[in-house]
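Before any comments, here is the structure.
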Amino acid sequence: WRQRQLEYTWLRALMGRYEDFWSVTQASLDFTLKTLGLKATPPLLIRIAAAYDALALYPEAPAALQGLVPTRLAIFSNGSPAMLTNLTRQAGIGGLLETVISVDEIRTYKPDPRGYRLVEDRLGLTKDEILFVSSNPC
């Protein structure tokens with residue numbers, strides 16, 4: 001599901017056919033279930049995809065983030081603003097973050113360079129002053 005989700009963002013970025021990340025999440029889930037020969041009703045698809053709004057932090061994450069204070073912390077994500085608001089609220093980390101930046105503002109996906117420039121502009125920093133940490137293996 002996650003791999004297909006990333007592939008869908010890359011393809012949409014290359015084709016210039018932006019859809020918000022919630023749509024991409026649902027489409028990639030639907031594809032994955034069909035590929036596995038599983039059937040799901042639309043309500044079940046929505047319920048499974050909604051799990052994305054309640055992803056749990058690794059147990060050590062809150063303390064690790066707290067330990068980085070006073071370093072400026074931000075999230076830069078493909079996630080839609082609504083998804084990111086839900087995630088940071090349920091995870092209880094919103095107070096540790098300076099800002100949450102979504103590619104939704106520029107209507108394309110990472111790794112498009114415009115996304116990283118958006119981060120630089122928002123934070124008033126150069127790329128050499130920013131450390132990006134990814135949850136993705138590549």
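For the structure tokens, the naming scheme is as follows: chains receive sequential letters (A, B, ...) according to their order of presentation, residues are indexed from 1 within each chain, and ligands are indexed from 1 in presentation order.
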Contacts of range 29-34 of chain A at 12 Å (only C-alpha atoms; same-chain gap of 6+ positions) as a list in words: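 The contact residues come out as Trp1, Arg2, Gln3, Arg4, Gln5, Leu6, Glu7, Tyr8, Trp22, Ser23, Ala40, Thr41, Pro42, Pro43, Leu44, Leu45, Ile46, Arg47, Ile48, Ala49, Ala50, Ala51 and Tyr52 of chain A.
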Considering only alpha helix (DSSP H) as DSSP defines it on the backbone, what residues of chain A qualify? List them as JSON, numbers by chain. {"A": [2, 3, 4, 5, 6, 7, 8, 9, 10, 11, 12, 13, 14, 15, 21, 22, 23, 24, 25, 26, 27, 28, 29, 30, 31, 32, 33, 34, 35, 42, 43, 44, 45, 46, 47, 48, 49, 61, 62, 63, 64, 65, 66, 67, 81, 82, 83, 84, 85, 86, 87, 88, 89, 90, 91, 113, 114, 115, 116, 117, 118, 119, 120, 121, 122, 123]}
Please provide the set of residues having any atom within 12 Å of Leu123 in chain A, restricted to only C-alpha atoms, with same-chain residues fewer than 5 positions apart removed, written as a list of chain:residue names.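 Answer for this query is A:Arg72, A:Leu73, A:Ala74, A:Ile75, A:Phe76, A:Leu97, A:Glu98, A:Thr99, A:Val100, A:Ile101, A:Tyr116, A:Arg117, A:Leu118, A:Glu129, A:Ile130.
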Same residues, all heavy atoms, output as a tab-separated table (two decimals), in the first residue's frame:
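And here's part.tsv as it stands now:
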chain	number	residue	atom	x	y	z
A	72	ARG	N	14.59	24.26	15.93
A	72	ARG	CA	13.34	24.50	15.20
A	72	ARG	C	12.91	23.20	14.53
A	72	ARG	O	13.68	22.60	13.78
A	72	ARG	CB	13.54	25.60	14.17
A	72	ARG	CG	13.91	26.93	14.79
A	72	ARG	CD	14.32	27.95	13.74
A	72	ARG	NE	13.18	28.32	12.90
A	72	ARG	CZ	13.29	29.05	11.79
A	72	ARG	NH1	14.48	29.48	11.38
A	72	ARG	NH2	12.23	29.35	11.08
A	73	LEU	N	11.69	22.79	14.79
A	73	LEU	CA	11.17	21.55	14.23
A	73	LEU	C	9.95	21.84	13.37
A	73	LEU	O	9.09	22.65	13.73
A	73	LEU	CB	10.77	20.57	15.34
A	73	LEU	CG	11.87	20.16	16.32
A	73	LEU	CD1	11.29	19.29	17.42
A	73	LEU	CD2	12.98	19.43	15.59
A	74	ALA	N	9.87	21.15	12.24
A	74	ALA	CA	8.74	21.30	11.34
A	74	ALA	C	8.48	19.96	10.66
A	74	ALA	O	9.35	19.10	10.62
A	74	ALA	CB	9.03	22.36	10.28
A	75	ILE	N	7.30	19.82	10.16
A	75	ILE	CA	6.96	18.66	9.33
A	75	ILE	C	6.83	19.17	7.90
A	75	ILE	O	6.18	20.19	7.66
A	75	ILE	CB	5.64	18.00	9.79
A	75	ILE	CG1	5.83	17.31	11.13
A	75	ILE	CG2	5.14	17.01	8.74
A	75	ILE	CD1	4.55	16.72	11.70
A	76	PHE	N	7.43	18.43	6.98
A	76	PHE	CA	7.27	18.68	5.55
A	76	PHE	C	6.75	17.39	4.96
A	76	PHE	O	7.42	16.36	5.03
A	76	PHE	CB	8.59	19.09	4.91
A	76	PHE	CG	8.54	19.17	3.41
A	76	PHE	CD1	7.51	19.86	2.76
A	76	PHE	CD2	9.51	18.56	2.64
A	76	PHE	CE1	7.47	19.94	1.38
A	76	PHE	CE2	9.48	18.64	1.26
A	76	PHE	CZ	8.45	19.33	0.63
A	97	LEU	N	6.22	21.67	17.34
A	97	LEU	CA	6.51	22.02	15.96
A	97	LEU	C	6.35	23.51	15.72
A	97	LEU	O	5.38	24.12	16.17
A	97	LEU	CB	5.58	21.26	15.02
A	97	LEU	CG	5.60	19.74	15.15
A	97	LEU	CD1	4.48	19.15	14.32
A	97	LEU	CD2	6.94	19.18	14.74
A	98	GLU	N	7.28	24.06	14.96
A	98	GLU	CA	7.14	25.46	14.55
A	98	GLU	C	6.05	25.58	13.50
A	98	GLU	O	5.26	26.52	13.51
A	98	GLU	CB	8.47	25.96	14.00
A	98	GLU	CG	8.42	27.38	13.50
A	98	GLU	CD	9.77	27.89	13.04
A	98	GLU	OE1	10.82	27.49	13.60
A	98	GLU	OE2	9.78	28.71	12.10
A	99	THR	N	6.05	24.64	12.57
A	99	THR	CA	5.06	24.69	11.50
A	99	THR	C	4.91	23.31	10.87
A	99	THR	O	5.74	22.43	11.05
A	99	THR	CB	5.47	25.72	10.42
A	99	THR	OG1	4.38	25.91	9.50
A	99	THR	CG2	6.71	25.31	9.66
A	100	VAL	N	3.84	23.15	10.13
A	100	VAL	CA	3.58	21.95	9.35
A	100	VAL	C	3.39	22.42	7.91
A	100	VAL	O	2.55	23.27	7.64
A	100	VAL	CB	2.34	21.20	9.86
A	100	VAL	CG1	2.04	20.00	8.98
A	100	VAL	CG2	2.53	20.76	11.31
A	101	ILE	N	4.19	21.87	7.02
A	101	ILE	CA	4.20	22.30	5.63
A	101	ILE	C	3.75	21.15	4.75
A	101	ILE	O	4.32	20.06	4.79
A	101	ILE	CB	5.62	22.76	5.21
A	101	ILE	CG1	6.12	23.85	6.16
A	101	ILE	CG2	5.64	23.22	3.75
A	101	ILE	CD1	7.60	24.12	6.07
A	116	TYR	N	10.90	21.60	-1.66
A	116	TYR	CA	12.00	21.92	-0.76
A	116	TYR	C	12.25	23.43	-0.69
A	116	TYR	O	12.60	23.95	0.36
A	116	TYR	CB	13.24	21.12	-1.15
A	116	TYR	CG	12.97	19.64	-1.00
A	116	TYR	CD1	12.52	18.88	-2.07
A	116	TYR	CD2	13.10	19.03	0.24
A	116	TYR	CE1	12.22	17.53	-1.92
A	116	TYR	CE2	12.80	17.69	0.40
A	116	TYR	CZ	12.36	16.94	-0.68
A	116	TYR	OH	12.04	15.61	-0.51
A	117	ARG	N	12.02	24.12	-1.81
A	117	ARG	CA	12.12	25.58	-1.78
A	117	ARG	C	11.01	26.18	-0.91
A	117	ARG	O	11.22	27.19	-0.22
A	117	ARG	CB	12.06	26.16	-3.20
A	117	ARG	CG	13.39	26.02	-3.93
A	117	ARG	CD	13.46	26.87	-5.19
A	117	ARG	NE	12.49	26.50	-6.20
A	117	ARG	CZ	12.65	25.53	-7.10
A	117	ARG	NH1	13.77	24.82	-7.11
A	117	ARG	NH2	11.72	25.27	-7.98
A	118	LEU	N	9.85	25.54	-0.91
A	118	LEU	CA	8.75	25.99	-0.05
A	118	LEU	C	9.18	25.93	1.42
A	118	LEU	O	8.92	26.85	2.19
A	118	LEU	CB	7.51	25.12	-0.28
A	118	LEU	CG	6.31	25.39	0.62
A	118	LEU	CD1	5.75	26.78	0.37
A	118	LEU	CD2	5.24	24.32	0.37
A	129	GLU	N	21.08	24.80	5.78
A	129	GLU	CA	20.75	25.01	7.19
A	129	GLU	C	19.62	24.10	7.67
A	129	GLU	O	19.22	24.17	8.82
A	129	GLU	CB	20.32	26.46	7.42
A	129	GLU	CG	21.41	27.48	7.09
A	129	GLU	CD	20.90	28.89	7.15
A	129	GLU	OE1	19.98	29.25	6.37
A	129	GLU	OE2	21.42	29.67	7.99
A	130	ILE	N	19.14	23.23	6.78
A	130	ILE	CA	18.00	22.37	7.09
A	130	ILE	C	18.43	20.91	7.04
A	130	ILE	O	19.14	20.50	6.11
A	130	ILE	CB	16.85	22.60	6.08
A	130	ILE	CG1	16.38	24.05	6.13
A	130	ILE	CG2	15.68	21.65	6.37
A	130	ILE	CD1	15.42	24.42	5.00
List every residue of chain A that DSSP, applied to the backbone of this structure, assigns to strand (DSSP E), and report them as a list of chain:residue names.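 Those in chain A that DSSP calls strand (DSSP E) are A:Ala74, A:Ile75, A:Phe76, A:Ser77, A:Thr99, A:Val100, A:Ile101, A:Ser102.
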Choose the residue, out of A:Asp53, A:Trp10, A:Tyr18, A:Ser28, that has the smallest atom-to-atom separation from Asn86 in chain A; count only C-alpha atoms.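 Closest residue, counting only C-alpha atoms: A:Asp53.
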Out of A:Asp104, A:Glu19, A:Glu120, A:Glu60, which residue has the shortest atom-to-atom distance to Ser77 in chain A when counting only C-alpha atoms? A:Asp104
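The residue that comes closest to Asp112 in chain A, out of A:Leu57, A:Val69, A:Asn78, A:Thr35 and on the basis of only C-alpha atoms, is A:Asn78.
The smallest atom-to-atom distance between Val119 in chain A and any of A:Val103, A:Thr71, A:Thr25, A:Ser134, using only C-alpha atoms, is found for A:Val103.
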